[in-house]
Amino acid sequence: MSVATTTPTSRPAARSQVRRRVGRTAIFVAMTIMAIIMLYPFAVMVLISFKTNAQYLIGQGSSTQTWQQINSSLPVWQELWNSTVVCTLSIAIILVIGVMAGFSFAKLQFRGGNVVFLGIVSAMMVPLQAILIPEFVNIAKTGLTNNYLGAVVVYAALGAPFSIFLFTTYFRRIPDELIEAGIVDGLGYWGVLWRLALPMALPAIATVTVLQFIQIWDDLLVGLLFLQNPNERTITVGLAALAAGHTTSIPLLMAGSLVSAAPAMIVYLIFQRFLVRGLTMGIDR
Amino acid sequence: MSLTTSLAATSAPRRAPRTSLLTKRRRRVGVVLVLPALALVGLLIAYPIGQAVYYSFTSWDGLTTQWIGPSTWTQAFHNPTMWTALKNNAELLLAVPFALGIPLLVAVMLHQRVAGWKIFRSIYFLPTAISWVVIGLVAEHFFAYSGTLNSLLSDVGLSSVHTNMLGQENEALIALGITFVFSMIGTNTMLFLTGLATLDQSLEEAARIDGAGAWRIFRHITLPHLSRFIQLAFVMTVISAFSALFSLIFVMTGGGPGYSTTTMEFLVYQTGFNQSQFGTAALYGIILFVITALVGIVQLRLIGAKDS
């Protein structure tokens with residue numbers, strides 16, 4: 001009885017279910033093809049780095065020779081260290097300046113604050129190439145291009161506006177009463193900033209750190225021009241310089257690419273959600 | 001009740017001078033906290049804009065300047081290389097619809113949450129983490145004469161079509177554009193997926209029960225909901241097309257063959273650092289600045305509209 005009643009009604013239902021399953025399978029296939037495309041760079045890097053230059057040219061065989069020699073052909077450790085130093089110093093400045101200014105713009109309304117805020121946020125839109133020439137001359141004149149600081153201050157200036165914008169948005173959510181209570185309790189504004197506001201801004205700190213780390217680690221232009229001492233080159237600059245010298249072996253370049261990409265990829269995989277948050281910060285709320 | 005009113009009456013005049021003192025202090029701290037940011041951004045971003053304008057009226061080699069008036073400007077506008085660079089920029093904008101359309105499709109597919117979608121998501125986002133220098137190096141291998149593209153072509157029986165896109169004046173820019181689209185996929189997919197996550201599922205469900213097909217749901221519910229995210233992605237992609245291709249060009253083509261892949265941002269670098277014409281390079285920078293500022297105003301309005 002129940003079978004008899006369900007059969008006629010379930011036929012269209014079954015058909016739509018079949019259609020649904022076909023649709024889902026099609027999506028799965030399309031997504032797999034897309035995954036192959038997106039993984040292509042990694043496959044190329046891994047496969048080619050395990051060849052000698054001769055093997056690469058004839059397209060056969062594999063070897064660990066490139067990896068064994070990478071240290072002598074490319075100062076990877078030195079360059080990884082350089083990247084780490086430049087990233088750390090730049091991000092530290094970006095965070096400190098961002099937290100201070102963001103707290104001020106959000107909670108310590110001073111006259112003209114809004115105009116200054118708008119001015120700084122607009123600086124986000126200025127591409128470095130637009131001011132590259134005067135910037136380079138100015139920094140070179142101070143002699144900072146001969147050490148890490150040349151690149152560090154430029155990275156800091158480029159990263160600060162976004163950081164300030166993010167922290168301002170974040171601190172605006174702290175109720176004014178909480179700040180006032182802290183002042184009445186005698187914490188002072190610095191105390192309120194460090195003990196009340198900062199702990200609440202930890203997710204924003206993570207977002208800025210991850211975004212800036214990837215940006216600075218992966219950057220070429222600033223490092224190329226503002227780190228004039230070859231011993232202070234970041235790994236990305238070292239790689240591009242190696243690529244520009246056309247005699248270089250491709251397997252070596254691919255091995256170097258993998259080494260340079262690994263830290264940013266690891267950071268990215270661990271902190272993916274902070275990146276997404278930073279990206280959509282302007283639109284989410 | 002009388003107690004509260006009298007309390008309020010007595011405490012009000014006493015509190016007034018105290019708060020104004022506090023306000024003064026608050027404002028002073030406020031200014032002090034902003035000063036480092038103002039100094040950094042002012043000295044390293046705002047001031048050089050003014051310098052660039054000034055230097056564009058001088059003959060300048062980085063050390064000595066000599067006022068020569070607007071002659072650099074007239075020269076620049078008669079310089080075919082600058083027009084080539086602007087034309088290349090304009091042509092690269094043709095890549096923008098692909099840099100938005102493909103991620104939109106990918107995001108909608110991910111949003112269906114078929115088996116393994118989280119793994120797919122991580123894979124699609126992964127190239128976002130790596131430098132465009134690295135992507136450029138891989139792309140060079142892809143487009144090379146003995147590279148992946150040609151072996152793919154011969155695999156499907158098209159070995160007679162042997163491409164050398166990066167070596168051809170009229171094809172190198174297309175290869176650059178394709179690489180640019182690839183490089184933008186992760187970021188834009190991420191944006192659209194975030195947008196889709198804020199979409200009310202029951203809305204789509206209701207439409208489906210009402211018998212709306214997948215396309216109609218997409219066209220009338222999903223797409224309007226995503227409009228703000230699409231706008232943001234559009235602005236970010238256009239700005240990237242003007243100011244983020246340096247690494248790709250540097251590694252893949254060096255601006256060549258000829259000037260066929262030289263964009264404005266690369267022309268600034270070439271003119272300044274290969275030809276040491278700092279005044280002219282500064283001028284190109286200003287033109288780039290004006291273009292991106294126009295795009296940037298759109299984005300500020302997007303952020304501002306939501307902010308208020």
# chains A, B, ... in the order shown; residues from 1 in each chain; ligands from 1
>>> interface_residues(of="chain A", to="chain B", cutoff="6 Å", atoms="only C-alpha atoms", output="CSV table (one decimal) with N, CA and C atoms, in the first residue's frame")
chain,number,residue,atom,x,y,z
A,38,MET,N,45.9,24.9,-10.8
A,38,MET,CA,46.4,25.7,-9.7
A,38,MET,C,47.7,25.0,-9.0
A,41,PRO,N,52.2,25.1,-10.9
A,41,PRO,CA,53.5,25.7,-10.6
A,41,PRO,C,54.3,24.9,-9.6
A,97,ILE,N,53.2,51.4,14.9
A,97,ILE,CA,52.6,52.6,14.3
A,97,ILE,C,51.1,52.4,14.1
A,100,MET,N,49.2,52.4,17.5
A,100,MET,CA,49.1,53.7,18.2
A,100,MET,C,48.1,54.6,17.4
A,101,ALA,N,48.3,54.7,16.1
A,101,ALA,CA,47.5,55.7,15.3
A,101,ALA,C,46.1,55.2,15.3
A,104,SER,N,44.3,56.0,18.5
A,104,SER,CA,44.1,57.5,18.5
A,104,SER,C,42.9,57.9,17.6
A,108,LEU,N,40.5,58.6,20.6
A,108,LEU,CA,41.0,59.9,21.2
A,108,LEU,C,40.7,61.1,20.3
A,110,PHE,N,40.8,63.8,18.2
A,110,PHE,CA,41.4,65.2,18.3
A,110,PHE,C,41.0,66.0,17.1
A,125,MET,N,46.4,53.9,-1.6
A,125,MET,CA,46.1,53.8,-3.1
A,125,MET,C,47.4,54.2,-3.9
A,129,GLN,N,55.5,52.5,-7.5
A,129,GLN,CA,56.1,52.9,-8.8
A,129,GLN,C,55.8,54.4,-9.1
A,130,ALA,N,54.7,54.9,-8.6
A,130,ALA,CA,54.3,56.3,-8.9
A,130,ALA,C,55.3,57.3,-8.3
A,131,ILE,N,55.9,56.9,-7.1
A,131,ILE,CA,56.8,57.8,-6.4
A,131,ILE,C,58.2,57.1,-6.3
A,133,ILE,N,61.0,57.1,-8.1
A,133,ILE,CA,62.2,57.8,-8.4
A,133,ILE,C,62.6,58.8,-7.2
A,134,PRO,N,61.7,59.7,-6.8
A,134,PRO,CA,62.1,60.5,-5.6
A,134,PRO,C,62.3,59.7,-4.4
A,135,GLU,N,61.5,58.6,-4.2
A,135,GLU,CA,61.7,57.8,-3.0
A,135,GLU,C,63.1,57.2,-3.0
A,157,ALA,N,56.4,52.1,5.4
A,157,ALA,CA,55.5,53.2,4.9
A,157,ALA,C,54.4,52.7,4.0
A,218,ASP,N,57.3,38.2,-0.5
A,218,ASP,CA,57.2,37.9,-1.9
A,218,ASP,C,57.6,39.1,-2.8
A,257,SER,N,63.2,28.6,-6.2
A,257,SER,CA,61.8,29.1,-6.1
A,257,SER,C,61.1,28.3,-5.0
A,261,ALA,N,59.5,29.9,-1.7
A,261,ALA,CA,58.0,29.9,-1.6
A,261,ALA,C,57.6,29.2,-0.3
A,264,ALA,N,56.4,31.3,3.0
A,264,ALA,CA,55.2,32.0,2.9
A,264,ALA,C,54.0,31.0,2.8
A,265,MET,N,54.3,29.8,2.1
A,265,MET,CA,53.2,28.9,2.0
A,265,MET,C,52.8,28.3,3.3
A,282,GLY,N,37.4,45.8,4.4
A,282,GLY,CA,36.7,47.0,4.1
A,282,GLY,C,35.3,46.8,3.8
>>> residues_around(residues="region 164-175 of chain B", least_positions_apart="4", cutoff="8 Å", atoms="only C-alpha atoms", output="PyMOL selection string")
chain B and resi 88+92+140+143-145+179+252-253+256-258+260-261
>>> atom_distance(atom1="CA of Gly245 (chain A)", atom2="CA of Leu132 (chain A)")
23.9 Å
>>> select_by_dssp(residues="region 16-121 of chain B", states="helix (DSSP H, G or I)", output="ChimeraX atom specification")
/B:16-55,71-77,80-111,117-121
>>> select_by_dssp(residues="region 50-242 of chain B", states="strand (DSSP E or B)", output="MDAnalysis selection string")
chainID B and resid 58:60 65:67
>>> write_last_selection(atoms="N, CA and C atoms", output="mmCIF file, in the first residue's frame")
data_model
loop_
_atom_site.group_PDB
_atom_site.id
_atom_site.type_symbol
_atom_site.label_atom_id
_atom_site.label_comp_id
_atom_site.auth_asym_id
_atom_site.auth_seq_id
_atom_site.Cartn_x
_atom_site.Cartn_y
_atom_site.Cartn_z
ATOM 1 N N THR B 58 62.256 69.383 -14.311
ATOM 2 C CA THR B 58 63.694 69.622 -14.273
ATOM 3 C C THR B 58 64.418 68.567 -15.103
ATOM 4 N N SER B 59 65.622 68.911 -15.506
ATOM 5 C CA SER B 59 66.491 67.861 -16.025
ATOM 6 C C SER B 59 67.257 67.364 -14.813
ATOM 7 N N TRP B 60 67.176 66.121 -14.574
ATOM 8 C CA TRP B 60 67.584 65.622 -13.274
ATOM 9 C C TRP B 60 68.261 64.272 -13.443
ATOM 10 N N THR B 65 69.845 69.180 -10.248
ATOM 11 C CA THR B 65 68.587 69.482 -10.901
ATOM 12 C C THR B 65 68.704 70.831 -11.593
ATOM 13 N N GLN B 66 68.056 70.928 -12.724
ATOM 14 C CA GLN B 66 68.013 72.202 -13.410
ATOM 15 C C GLN B 66 66.621 72.398 -13.964
ATOM 16 N N TRP B 67 66.015 73.523 -13.604
ATOM 17 C CA TRP B 67 64.640 73.795 -14.039
ATOM 18 C C TRP B 67 64.601 73.940 -15.549
#
>>> atom_distance(atom1="CA of Tyr148 (chain A)", atom2="CA of Phe271 (chain A)")
26.6 Å
>>> closest_residue(among="A:Leu178, A:Val152, A:Ile36, A:Ala92", to="Ala197 (chain A)", atoms="only C-alpha atoms")
A:Leu178
>>> atom_distance(atom1="CA of Asn53 (chain A)", atom2="CA of Ile70 (chain A)")
12.7 Å
>>> decode(residues="region 122-167 of chain B", atoms="N, CA and C atoms", output="PDB file, in the first residue's frame")
ATOM      1  N   SER B 122      41.670  25.096  -0.363  1.00  0.00           N
ATOM      2  CA  SER B 122      43.065  25.332   0.024  1.00  0.00           C
ATOM      3  C   SER B 122      44.001  25.313  -1.178  1.00  0.00           C
ATOM      4  N   ILE B 123      43.732  24.380  -2.105  1.00  0.00           N
ATOM      5  CA  ILE B 123      44.577  24.283  -3.300  1.00  0.00           C
ATOM      6  C   ILE B 123      44.459  25.553  -4.143  1.00  0.00           C
ATOM      7  N   TYR B 124      43.234  26.040  -4.316  1.00  0.00           N
ATOM      8  CA  TYR B 124      43.030  27.227  -5.152  1.00  0.00           C
ATOM      9  C   TYR B 124      43.678  28.470  -4.534  1.00  0.00           C
ATOM     10  N   PHE B 125      43.687  28.517  -3.220  1.00  0.00           N
ATOM     11  CA  PHE B 125      44.240  29.703  -2.568  1.00  0.00           C
ATOM     12  C   PHE B 125      45.766  29.654  -2.481  1.00  0.00           C
ATOM     13  N   LEU B 126      46.326  28.459  -2.570  1.00  0.00           N
ATOM     14  CA  LEU B 126      47.758  28.295  -2.295  1.00  0.00           C
ATOM     15  C   LEU B 126      48.662  29.214  -3.133  1.00  0.00           C
ATOM     16  N   PRO B 127      48.433  29.364  -4.437  1.00  0.00           N
ATOM     17  CA  PRO B 127      49.317  30.246  -5.211  1.00  0.00           C
ATOM     18  C   PRO B 127      49.313  31.698  -4.715  1.00  0.00           C
ATOM     19  N   THR B 128      48.292  32.085  -3.955  1.00  0.00           N
ATOM     20  CA  THR B 128      48.250  33.436  -3.391  1.00  0.00           C
ATOM     21  C   THR B 128      49.458  33.700  -2.506  1.00  0.00           C
ATOM     22  N   ALA B 129      49.984  32.627  -1.906  1.00  0.00           N
ATOM     23  CA  ALA B 129      51.073  32.814  -0.952  1.00  0.00           C
ATOM     24  C   ALA B 129      52.420  33.002  -1.633  1.00  0.00           C
ATOM     25  N   ILE B 130      52.548  32.523  -2.864  1.00  0.00           N
ATOM     26  CA  ILE B 130      53.881  32.563  -3.461  1.00  0.00           C
ATOM     27  C   ILE B 130      54.103  33.831  -4.267  1.00  0.00           C
ATOM     28  N   SER B 131      55.364  34.211  -4.338  1.00  0.00           N
ATOM     29  CA  SER B 131      55.750  35.448  -5.001  1.00  0.00           C
ATOM     30  C   SER B 131      55.429  35.400  -6.491  1.00  0.00           C
ATOM     31  N   TRP B 132      55.077  36.572  -7.037  1.00  0.00           N
ATOM     32  CA  TRP B 132      54.848  36.648  -8.476  1.00  0.00           C
ATOM     33  C   TRP B 132      56.160  36.464  -9.238  1.00  0.00           C
ATOM     34  N   VAL B 133      57.279  36.604  -8.554  1.00  0.00           N
ATOM     35  CA  VAL B 133      58.564  36.261  -9.158  1.00  0.00           C
ATOM     36  C   VAL B 133      58.578  34.766  -9.469  1.00  0.00           C
ATOM     37  N   VAL B 134      58.137  33.969  -8.511  1.00  0.00           N
ATOM     38  CA  VAL B 134      58.097  32.521  -8.691  1.00  0.00           C
ATOM     39  C   VAL B 134      57.078  32.147  -9.765  1.00  0.00           C
ATOM     40  N   ILE B 135      55.900  32.761  -9.701  1.00  0.00           N
ATOM     41  CA  ILE B 135      54.881  32.476 -10.717  1.00  0.00           C
ATOM     42  C   ILE B 135      55.414  32.835 -12.107  1.00  0.00           C
ATOM     43  N   GLY B 136      56.132  33.965 -12.171  1.00  0.00           N
ATOM     44  CA  GLY B 136      56.709  34.388 -13.448  1.00  0.00           C
ATOM     45  C   GLY B 136      57.715  33.378 -13.977  1.00  0.00           C
ATOM     46  N   LEU B 137      58.550  32.845 -13.074  1.00  0.00           N
ATOM     47  CA  LEU B 137      59.537  31.852 -13.494  1.00  0.00           C
ATOM     48  C   LEU B 137      58.867  30.600 -14.034  1.00  0.00           C
ATOM     49  N   VAL B 138      57.815  30.163 -13.354  1.00  0.00           N
ATOM     50  CA  VAL B 138      57.090  28.980 -13.809  1.00  0.00           C
ATOM     51  C   VAL B 138      56.385  29.267 -15.132  1.00  0.00           C
ATOM     52  N   ALA B 139      55.793  30.468 -15.236  1.00  0.00           N
ATOM     53  CA  ALA B 139      55.097  30.841 -16.478  1.00  0.00           C
ATOM     54  C   ALA B 139      56.070  30.870 -17.643  1.00  0.00           C
ATOM     55  N   GLU B 140      57.290  31.326 -17.375  1.00  0.00           N
ATOM     56  CA  GLU B 140      58.307  31.349 -18.419  1.00  0.00           C
ATOM     57  C   GLU B 140      58.521  29.925 -18.948  1.00  0.00           C
ATOM     58  N   HIS B 141      58.577  28.975 -18.020  1.00  0.00           N
ATOM     59  CA  HIS B 141      58.731  27.584 -18.422  1.00  0.00           C
ATOM     60  C   HIS B 141      57.511  27.098 -19.189  1.00  0.00           C
ATOM     61  N   PHE B 142      56.338  27.545 -18.769  1.00  0.00           N
ATOM     62  CA  PHE B 142      55.107  27.105 -19.431  1.00  0.00           C
ATOM     63  C   PHE B 142      55.065  27.564 -20.883  1.00  0.00           C
ATOM     64  N   PHE B 143      55.415  28.846 -21.114  1.00  0.00           N
ATOM     65  CA  PHE B 143      55.291  29.411 -22.459  1.00  0.00           C
ATOM     66  C   PHE B 143      56.533  29.187 -23.328  1.00  0.00           C
ATOM     67  N   ALA B 144      57.608  28.657 -22.741  1.00  0.00           N
ATOM     68  CA  ALA B 144      58.870  28.562 -23.471  1.00  0.00           C
ATOM     69  C   ALA B 144      58.753  27.661 -24.696  1.00  0.00           C
ATOM     70  N   TYR B 145      59.732  27.815 -25.592  1.00  0.00           N
ATOM     71  CA  TYR B 145      59.728  27.061 -26.838  1.00  0.00           C
ATOM     72  C   TYR B 145      59.692  25.558 -26.564  1.00  0.00           C
ATOM     73  N   SER B 146      60.454  25.120 -25.547  1.00  0.00           N
ATOM     74  CA  SER B 146      60.423  23.696 -25.194  1.00  0.00           C
ATOM     75  C   SER B 146      59.635  23.490 -23.902  1.00  0.00           C
ATOM     76  N   GLY B 147      58.628  24.318 -23.709  1.00  0.00           N
ATOM     77  CA  GLY B 147      57.897  24.291 -22.440  1.00  0.00           C
ATOM     78  C   GLY B 147      56.616  23.490 -22.465  1.00  0.00           C
ATOM     79  N   THR B 148      55.830  23.638 -21.388  1.00  0.00           N
ATOM     80  CA  THR B 148      54.631  22.828 -21.190  1.00  0.00           C
ATOM     81  C   THR B 148      53.584  23.061 -22.273  1.00  0.00           C
ATOM     82  N   LEU B 149      53.378  24.329 -22.638  1.00  0.00           N
ATOM     83  CA  LEU B 149      52.327  24.637 -23.606  1.00  0.00           C
ATOM     84  C   LEU B 149      52.536  23.875 -24.907  1.00  0.00           C
ATOM     85  N   ASN B 150      53.778  23.881 -25.401  1.00  0.00           N
ATOM     86  CA  ASN B 150      54.048  23.202 -26.663  1.00  0.00           C
ATOM     87  C   ASN B 150      53.947  21.693 -26.542  1.00  0.00           C
ATOM     88  N   SER B 151      54.350  21.146 -25.402  1.00  0.00           N
ATOM     89  CA  SER B 151      54.214  19.692 -25.279  1.00  0.00           C
ATOM     90  C   SER B 151      52.748  19.305 -25.138  1.00  0.00           C
ATOM     91  N   LEU B 152      51.939  20.182 -24.508  1.00  0.00           N
ATOM     92  CA  LEU B 152      50.500  19.926 -24.455  1.00  0.00           C
ATOM     93  C   LEU B 152      49.916  19.953 -25.857  1.00  0.00           C
ATOM     94  N   LEU B 153      50.329  20.943 -26.648  1.00  0.00           N
ATOM     95  CA  LEU B 153      49.820  21.072 -28.017  1.00  0.00           C
ATOM     96  C   LEU B 153      50.160  19.845 -28.848  1.00  0.00           C
ATOM     97  N   SER B 154      51.387  19.363 -28.699  1.00  0.00           N
ATOM     98  CA  SER B 154      51.750  18.189 -29.505  1.00  0.00           C
ATOM     99  C   SER B 154      51.068  16.934 -28.970  1.00  0.00           C
ATOM    100  N   ASP B 155      50.742  16.921 -27.675  1.00  0.00           N
ATOM    101  CA  ASP B 155      50.015  15.787 -27.113  1.00  0.00           C
ATOM    102  C   ASP B 155      48.626  15.645 -27.727  1.00  0.00           C
ATOM    103  N   VAL B 156      48.022  16.767 -28.051  1.00  0.00           N
ATOM    104  CA  VAL B 156      46.687  16.689 -28.648  1.00  0.00           C
ATOM    105  C   VAL B 156      46.754  16.726 -30.166  1.00  0.00           C
ATOM    106  N   GLY B 157      47.950  16.454 -30.702  1.00  0.00           N
ATOM    107  CA  GLY B 157      48.102  16.329 -32.140  1.00  0.00           C
ATOM    108  C   GLY B 157      48.299  17.631 -32.879  1.00  0.00           C
ATOM    109  N   LEU B 158      48.671  18.666 -32.157  1.00  0.00           N
ATOM    110  CA  LEU B 158      48.866  19.964 -32.798  1.00  0.00           C
ATOM    111  C   LEU B 158      50.350  20.341 -32.814  1.00  0.00           C
ATOM    112  N   SER B 159      51.206  19.347 -33.033  1.00  0.00           N
ATOM    113  CA  SER B 159      52.635  19.630 -32.939  1.00  0.00           C
ATOM    114  C   SER B 159      53.094  20.613 -34.021  1.00  0.00           C
ATOM    115  N   SER B 160      52.255  20.789 -35.067  1.00  0.00           N
ATOM    116  CA  SER B 160      52.623  21.764 -36.098  1.00  0.00           C
ATOM    117  C   SER B 160      52.520  23.186 -35.560  1.00  0.00           C
ATOM    118  N   VAL B 161      51.631  23.373 -34.548  1.00  0.00           N
ATOM    119  CA  VAL B 161      51.506  24.688 -33.931  1.00  0.00           C
ATOM    120  C   VAL B 161      52.568  24.808 -32.843  1.00  0.00           C
ATOM    121  N   HIS B 162      53.712  25.353 -33.185  1.00  0.00           N
ATOM    122  CA  HIS B 162      54.754  25.467 -32.178  1.00  0.00           C
ATOM    123  C   HIS B 162      54.865  26.918 -31.733  1.00  0.00           C
ATOM    124  N   THR B 163      54.439  27.170 -30.505  1.00  0.00           N
ATOM    125  CA  THR B 163      54.375  28.563 -30.064  1.00  0.00           C
ATOM    126  C   THR B 163      55.665  28.994 -29.393  1.00  0.00           C
ATOM    127  N   ASN B 164      55.892  30.289 -29.435  1.00  0.00           N
ATOM    128  CA  ASN B 164      56.980  30.902 -28.680  1.00  0.00           C
ATOM    129  C   ASN B 164      56.484  32.262 -28.226  1.00  0.00           C
ATOM    130  N   MET B 165      55.440  32.212 -27.401  1.00  0.00           N
ATOM    131  CA  MET B 165      54.687  33.432 -27.106  1.00  0.00           C
ATOM    132  C   MET B 165      55.540  34.544 -26.517  1.00  0.00           C
ATOM    133  N   LEU B 166      56.455  34.198 -25.607  1.00  0.00           N
ATOM    134  CA  LEU B 166      57.227  35.255 -24.949  1.00  0.00           C
ATOM    135  C   LEU B 166      58.232  35.902 -25.891  1.00  0.00           C
ATOM    136  N   GLY B 167      58.513  35.239 -27.007  1.00  0.00           N
ATOM    137  CA  GLY B 167      59.477  35.796 -27.947  1.00  0.00           C
ATOM    138  C   GLY B 167      58.832  36.578 -29.087  1.00  0.00           C
TER     139      GLY B 167
END
